[in-house]
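Undergrad: Next up is a structure, given as structure tokens.
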Amino acid sequence: MMNTKLVSEWKLSKETIEQIGLGSELNEKLEKKLNHHIDSFIRSRNDDTEIGYALNNCYASLMPNDTYDSGSVRWLCFQDNIYFDKKRKIFWLCKDMECSVEVGNSDSENNLEQELNKKINDTINWWNIPDKSHLKSLLSSTVRPKKLTDFLENVSDFPFRLDKDSIAYHISSSTKPSRYSGLYAHAHAHAFSSNTKKYKKALLSLPVDFSRFSDGKSGRKVFIQALLCGFTPNALIDDECYKSLINIYVNKEGDDDLLKIMKKNIIIRKLLNEDKQRADLSPYHQKIIEDTDLGHWSLWQDELDTSDTVTVPLAKKLVARDPKSSINEGVVAIDFGTKSTVVAYQKDNVNIHPMRIGTGDLSKDIAAHHYENPTIMEFVNLNAFLTAYHQKENKPDTRWCDLTISHTAQNSLQGSESSKFNTFLDALKQWAGDKNRNLKVVGQHGKIIDLPPFLSLEDGDFNPIEIYAYYLGLYINNLNNGIFMDYILSFPVTYEVAIRDKIIHSFRNGLKKSLPAELGKETIDTISVKKGASEPAAYALTALQAYHIEPEGDERVFYSVFDFGGGTTDFDFGIYREPTDKKDRRRFDYVIEHFGAGGDKFLGGENLLELLAFEVFKKNKNSLLEQGIQFEKHPERDAFAGSEQLLSRSQEARTNTKQLCIALRPYWEEHDDFSFDASGELQVTLTDVNGVQHSAFGLQIDEQELNAILSSRIERGVENFFDALRLAFSNRQHMLSDISNVKIFLAGNASQSSFVRALFDKHIALQHQEMGLAEGESRFELFQPLGVDSQDLEKPTGKTGVAFGLIESREGGRIKVIDHNVNDDDIRFKYYLGENRKKKFKPLIERDVSFNQWIDFTFADYQTFEIFYTDQPSTSTGQVAISDTSIKKKVIKLDTTDDDALVFIRVVSPTAIEYVIANEDDIHNDIYLNEINRIEL
């Protein structure tokens, strides 16, 4: 089957033709291009084009080393007895022509001038009868070219205009060519006494105005003036380059050829830069369209409807490639993260590779951060982007300068003013995961889009996640990588099925949009985007293999994952074993069962930075109040005395929090070259309520206090992890005391913090103590994040390991994944429900409760009661203070009371409950005393 072919034409829509510059304005572009060469020449700028070479080469032959400007040259001699006087800036034309003028007729001089120009038949220039002063200067000069001197000596009289009573005489556009009309000075007419005078020879002048040339050397200006007038220097009569310049600039005989060259260059530029324009990818090499083993998808139009297009002939045949031949037999895994997104791929063998996304110049040295792509978008010109985005079903002509993502957007954010802060979106995943969160998208050119919660979006609505996926697709599917049609996505363990499905749908639309239309609709529609293992389970699989943990026979490996990421921390627990089923033994090498998944939604690297920023601002509240500087409230912290004027959700408050987070990041990430100033002050640029920036604003810092804040919050996450671990295995009928070994895999970049290792060591010791283990005996084995010490950038790390695990657990792979966290309908309930008993949270309904099962919660004898709820596993012990910031409450007012009845509650979704009043004997018969009420938590 033929994968490439040579094509001699390209069919484009009228809109595309105008857009890329092949339309009606091409002639104007040619004119501008020719003038650009002139401008570069006059200013002595480098111009390595053929025209630039010709101009410089001819000038060098005429006046080596710019001798004209040295003063050694006054006259230049041209073909057809034309001479240029440098001193007077006048071209002179000597002509043997009989002519007569009726002296005394006010129009006689004008008539004579027209008669002379008619005889000369110069289609470019209008020659003037010289002014008396010019003629007198010429005749009195002792320095003249010999031929000019001979001409003057053989003639006793010339027509001229008197200097007095002169009136301006303008040459009309119908007489003089308009193209160069701005280059010439005006002629003059005068009154004579009445009689007829005859002349046998004519001496005509062409004064020159160099005002159009603002810069540059005089000699170069004269050379260009002569060229535009169509004059050929005697020294260049036989010069082929100069003849070509005359053809191009005067005769316009080369315009068609130049237009062909321009069209060719425009087409080549369009083909090689199309993904540079869209996604800032490096331009493709020209061999793509010349090498028959390569070829360009856009030139292969067999699958397109070209009935409403314009055929553009190609100057020479180019190589087209069938994009179907570029489809990879492989799969792409996308770990869509809160802070960063990772992409990995597998082609036609078992090897898995990370992919650089958002790094336009792939020729640069590879760095680890190239594989971790910030999940952020920058909205510059939303109107322009959306107009282009909706014009084509596939690979629209969007522009990177209108909307950027990843590293480019991240770098722009760090250098932006507070007024532009809202034009960045770095909460994509948070918005998707929160069913009640609205979103405001602001473009830097003024367009504002208010979006409902993610689940409420409809097809056709502006969908930032679809746009983000479109950009990922541009980086994945291009002439460098080929095309991928199968994708796997990971999700946090806490995401409900409806949210997962909506993200899958959005990613499919965006990835589909990134595919070339030349594939054909039938092929494009086969794109597949599937849900893979949860993020921590995928990482566990990668870690188990990386550490060569290979159970045999009946051996079961108990594992757990503490995935400490940028936005949240996810827990996962499970068993890794060989398959037992007959079919499974033939199809799979291993089975991974995971259950009891949980997490801590506010324990993430970015959330910890924001927590530190909140506490630092709070410590400096007095100085902030004096300057009117505000900051954001942290979701885990309450308001405090004086916070009314400090806490805000304004752009300035958000910018201040972000700026302090940036300043604190080296401390949190434990950079080797960072330490706080000995003065205990950290200087940050902050913005007050009036938008005024305060540079180097001093904030008092206590490093020990910061250490205590971090340690306390991370320890709370570690406690939650061990409580969740205990619950997970006990719910699967596995008591921790009966398990000889549990592997604990640390994942996520934040797990590299020294606090994490120290706190895990502490709590592992506490667990051993509770179990009564002898010294030296251990039930837990702690593994550091993958890739901490590795210099091999292709190996999985604590961050990229999720994407690797997604591919390992793909459908058709050798590992079977059984997810007990998701039933046929949805994930488990997200919360623990309870009551306030003696200032502590007493759990009444656990997370693993079955849906639609009525449970008595309290008596119905009072009209008002309170429901406390939290997602923290540590609250299952009943020992957590009710004032803990993770515990929220709902106040319920009953529409009826009954001393003998109960309030029953049932879980109906991962985040919703229903309550009703009923008698204990009637509840199972669906007999209620009031209407069922629903509460979304």
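Ligands are numbered from 1 in the order shown, chains are lettered A, B, ... in the order of the structure tokens, and residues start at 1 in each chain.
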Need to verify the contact set: His694 (chain A), 10 Å, only C-alpha atoms, exclusion of same-chain residues closer than 3 positions in sequence. Can you return it as a PyMOL selection string?

TA: chain A and resi 627+629+684-688+691+697-698

Undergrad: Could you write out the selected residues, including all heavy atoms, as a CSV table (one decimal), in the first residue's frame?

TA:
```
chain,number,residue,atom,x,y,z
A,627,GLN,N,-0.9,48.8,55.8
A,627,GLN,CA,-0.7,49.1,54.4
A,627,GLN,C,-1.9,48.6,53.5
A,627,GLN,O,-1.8,48.8,52.3
A,627,GLN,CB,0.6,48.3,53.9
A,627,GLN,CG,1.8,48.8,54.6
A,627,GLN,CD,2.2,50.2,54.3
A,627,GLN,OE1,1.8,50.8,53.3
A,627,GLN,NE2,2.8,50.9,55.3
A,629,ILE,N,-3.0,45.6,52.9
A,629,ILE,CA,-2.7,44.4,52.1
A,629,ILE,C,-3.5,43.2,52.6
A,629,ILE,O,-3.5,42.9,53.8
A,629,ILE,CB,-1.2,44.1,52.3
A,629,ILE,CG1,-0.4,45.2,51.6
A,629,ILE,CG2,-0.8,42.8,51.6
A,629,ILE,CD1,1.1,45.1,51.8
A,684,VAL,N,9.0,40.2,50.1
A,684,VAL,CA,8.1,39.8,49.1
A,684,VAL,C,7.4,41.1,48.5
A,684,VAL,O,7.1,42.0,49.2
A,684,VAL,CB,7.0,38.8,49.6
A,684,VAL,CG1,6.2,38.3,48.4
A,684,VAL,CG2,7.7,37.7,50.3
A,685,THR,N,7.2,41.0,47.2
A,685,THR,CA,6.4,42.1,46.6
A,685,THR,C,4.9,41.8,46.7
A,685,THR,O,4.4,40.8,46.3
A,685,THR,CB,6.7,42.2,45.1
A,685,THR,OG1,8.1,42.6,44.9
A,685,THR,CG2,5.9,43.3,44.4
A,686,LEU,N,4.2,42.7,47.4
A,686,LEU,CA,2.8,42.5,47.7
A,686,LEU,C,2.0,43.7,47.2
A,686,LEU,O,2.6,44.8,46.9
A,686,LEU,CB,2.6,42.4,49.2
A,686,LEU,CG,3.3,41.3,49.9
A,686,LEU,CD1,3.1,41.3,51.4
A,686,LEU,CD2,2.9,39.9,49.4
A,687,THR,N,0.7,43.5,46.9
A,687,THR,CA,-0.1,44.5,46.3
A,687,THR,C,-1.3,44.9,47.3
A,687,THR,O,-1.9,44.0,47.8
A,687,THR,CB,-0.7,44.0,45.0
A,687,THR,OG1,0.3,43.5,44.2
A,687,THR,CG2,-1.5,45.1,44.3
A,688,ASP,N,-1.5,46.2,47.5
A,688,ASP,CA,-2.5,46.6,48.4
A,688,ASP,C,-3.9,46.7,47.7
A,688,ASP,O,-4.0,46.4,46.5
A,688,ASP,CB,-2.2,47.9,49.1
A,688,ASP,CG,-2.1,49.1,48.1
A,688,ASP,OD1,-2.8,49.1,47.1
A,688,ASP,OD2,-1.3,50.1,48.4
A,691,GLY,N,-4.3,48.4,44.5
A,691,GLY,CA,-3.5,47.9,43.3
A,691,GLY,C,-2.1,48.4,43.3
A,691,GLY,O,-1.4,48.2,42.3
A,697,PHE,N,8.5,44.0,50.6
A,697,PHE,CA,7.7,44.2,51.8
A,697,PHE,C,8.3,43.1,52.8
A,697,PHE,O,8.3,41.9,52.5
A,697,PHE,CB,6.3,44.0,51.6
A,697,PHE,CG,5.4,44.3,52.7
A,697,PHE,CD1,4.8,45.6,52.8
A,697,PHE,CD2,5.1,43.4,53.7
A,697,PHE,CE1,4.0,46.0,53.9
A,697,PHE,CE2,4.3,43.8,54.8
A,697,PHE,CZ,3.8,45.1,54.9
A,698,GLY,N,8.7,43.6,54.0
A,698,GLY,CA,9.3,42.7,54.9
A,698,GLY,C,8.3,41.9,55.8
A,698,GLY,O,7.4,42.5,56.4
```

Undergrad: From the DSSP assignment of the backbone, select every residue of region 835-885 of chain A that is helix (DSSP H, G or I), and format the answer as a list in words.

TA: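 The residues of region 835-885 of chain A classed as helix (DSSP H, G or I) are Pro873, Ser874, Thr875, Ser876 and Thr877 of chain A.
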
Undergrad: Excluding region 640-645 of chain A and any residue of its chain fewer than 3 positions from it, enumerate the residues within 9 Å of it, using only C-alpha atoms, and give them as number ranges by chain.

TA: A: 618, 621-622, 625, 628-630, 637, 648

Undergrad: Next, dump the selected residues to file, keeping only N, CA and C atoms, as a PDB file, in the first residue's frame.

TA:
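Output saved as out.pdb:
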```pdb
ATOM      1  N   LYS A 618      -0.776  35.904  58.816  1.00  0.00           N
ATOM      2  CA  LYS A 618      -1.455  36.100  60.108  1.00  0.00           C
ATOM      3  C   LYS A 618      -0.480  36.627  61.151  1.00  0.00           C
ATOM      4  N   LYS A 621       0.004  40.407  60.728  1.00  0.00           N
ATOM      5  CA  LYS A 621      -1.276  41.065  60.448  1.00  0.00           C
ATOM      6  C   LYS A 621      -1.252  42.571  60.709  1.00  0.00           C
ATOM      7  N   ASN A 622      -0.515  42.997  61.709  1.00  0.00           N
ATOM      8  CA  ASN A 622      -0.520  44.432  62.036  1.00  0.00           C
ATOM      9  C   ASN A 622       0.101  45.261  60.920  1.00  0.00           C
ATOM     10  N   LEU A 625      -2.260  45.293  57.938  1.00  0.00           N
ATOM     11  CA  LEU A 625      -3.405  46.190  58.139  1.00  0.00           C
ATOM     12  C   LEU A 625      -3.010  47.638  57.875  1.00  0.00           C
ATOM     13  N   GLY A 628      -2.936  48.111  54.146  1.00  0.00           N
ATOM     14  CA  GLY A 628      -4.105  47.700  53.365  1.00  0.00           C
ATOM     15  C   GLY A 628      -3.823  46.515  52.452  1.00  0.00           C
ATOM     16  N   ILE A 629      -3.030  45.563  52.937  1.00  0.00           N
ATOM     17  CA  ILE A 629      -2.668  44.378  52.149  1.00  0.00           C
ATOM     18  C   ILE A 629      -3.482  43.178  52.636  1.00  0.00           C
ATOM     19  N   GLN A 630      -4.138  42.510  51.683  1.00  0.00           N
ATOM     20  CA  GLN A 630      -5.014  41.392  52.019  1.00  0.00           C
ATOM     21  C   GLN A 630      -4.459  40.078  51.481  1.00  0.00           C
ATOM     22  N   ARG A 637      -8.385  26.777  57.886  1.00  0.00           N
ATOM     23  CA  ARG A 637      -8.173  27.735  58.966  1.00  0.00           C
ATOM     24  C   ARG A 637      -9.400  28.623  59.122  1.00  0.00           C
ATOM     25  N   SER A 648      -9.658  38.068  51.986  1.00  0.00           N
ATOM     26  CA  SER A 648     -10.423  38.463  50.806  1.00  0.00           C
ATOM     27  C   SER A 648     -10.220  37.433  49.704  1.00  0.00           C
TER      28      SER A 648
END
```

Undergrad: How many Å lie between CA of Val591 (chain A) and CA of Phe491 (chain A), rounded to one decimal?

TA: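 So the two atoms, CA of Val591 (chain A) and CA of Phe491 (chain A), lie 19.8 Å apart.
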
Undergrad: Based on DSSP run over this structure's backbone, return all residues of region 200-398 of chain A in strand (DSSP E), as a PyMOL selection string.

TA: chain A and resi 200-207+310-321+331-335+340-346+352-355+373-374+377-379

Undergrad: How many Å lie between CA of Asp397 (chain A) and CA of Glu15 (chain A), rounded to one decimal?

TA: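 Computing the Euclidean distance for CA of Asp397 (chain A) and CA of Glu15 (chain A) yields 10.8 Å.
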
Undergrad: Taking only C-alpha atoms into account, produce a table as JSON lines in which each residue of region 434-494 of chain A with an atom at most 12 Å from an atom of region 817-836 of chain A appears once, together with its shortest atom pair and the distance in Å to one decimal, ordered by chain and rising number.

TA:
```
{"residue": "A:Phe491", "atom": "CA", "partner": "A:Ile827", "partner_atom": "CA", "distance": 11.8}
{"residue": "A:Pro492", "atom": "CA", "partner": "A:Ile827", "partner_atom": "CA", "distance": 11.0}
{"residue": "A:Val493", "atom": "CA", "partner": "A:Asn821", "partner_atom": "CA", "distance": 7.8}
{"residue": "A:Thr494", "atom": "CA", "partner": "A:Lys830", "partner_atom": "CA", "distance": 7.1}
```

Undergrad: Next, the residues of the selection above should be written as a tab-separated table (two decimals), in the first residue's frame with C-alpha atoms.

TA:
```
chain	number	residue	atom	x	y	z
A	491	PHE	CA	-8.38	9.41	38.40
A	492	PRO	CA	-8.16	10.16	42.10
A	493	VAL	CA	-9.81	7.48	44.21
A	494	THR	CA	-12.34	10.05	45.47
```

Undergrad: How many Å lie between CA of Lys633 (chain A) and CA of Pro843 (chain A), rounded to one decimal?

TA: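 Distance between the two atoms: 28.4 Å.
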
Undergrad: Could you name the residues that touch region 237-248 of chain A at 12 Å or less, counting only C-alpha atoms, but leaving out those on the same chain fewer than 4 positions away, as a ChimeraX atom specification?

TA: /A:30-31,33-35,37-38,50-62,77-80,223-233,252-259

Undergrad: From the options A:Gly574, A:Gly295, A:Pro159, A:Pro579, which residue's atoms come nearest to Gly596 (chain A), counting only C-alpha atoms?

TA: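 Among the listed residues, the smallest separation from Gly596 (chain A) belongs to A:Gly574.
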
Undergrad: Excluding Ser650 (chain A) and residues on its chain fewer than 3 positions from it, collect all residues at most 9 Å away from it, counting only C-alpha atoms, and give them as a list of chain:residue names.

TA: A:Gln630, A:Phe631, A:Glu632, A:Ala653, A:Arg654, A:Thr655, A:Val689

Undergrad: Just the residues within 8 Å of Trp10 (chain A), please, counting only C-alpha atoms, with nothing from its chain fewer than 3 positions along; format it as a ChimeraX atom specification.

TA: /A:7,299,311-314

Undergrad: Using only C-alpha atoms, can you tell me which of A:Ile764, A:Val692, A:Leu727, A:Val907 comes closest to Leu782 (chain A)?

TA: A:Ile764

Undergrad: Which one is closest to Glu496 (chain A): A:Gly772, A:Gly433, A:Gly599, A:Gly415? Count only C-alpha atoms.

TA: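 For Glu496 (chain A), the nearest of the candidates is A:Gly433.
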
Undergrad: Determine the nearest neighbour of Ala728 (chain A) from the options A:Lys316, A:Lys198, A:Arg356, A:Arg847, counting only C-alpha atoms.

TA: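 Closest residue, counting only C-alpha atoms: A:Arg847.
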
Undergrad: Which of these residues is nearest to Ile887 (chain A), using only C-alpha atoms: A:Glu669, A:Asp209, A:Glu636, A:Asp434?

TA: A:Glu636

Undergrad: Which residue is closest to Asp572 (chain A)? Choose from A:Leu281, A:Ala724, A:Pro453, A:Leu710 and count only C-alpha atoms.

TA: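 Using only C-alpha atoms, Asp572 (chain A) sits closest to A:Ala724.
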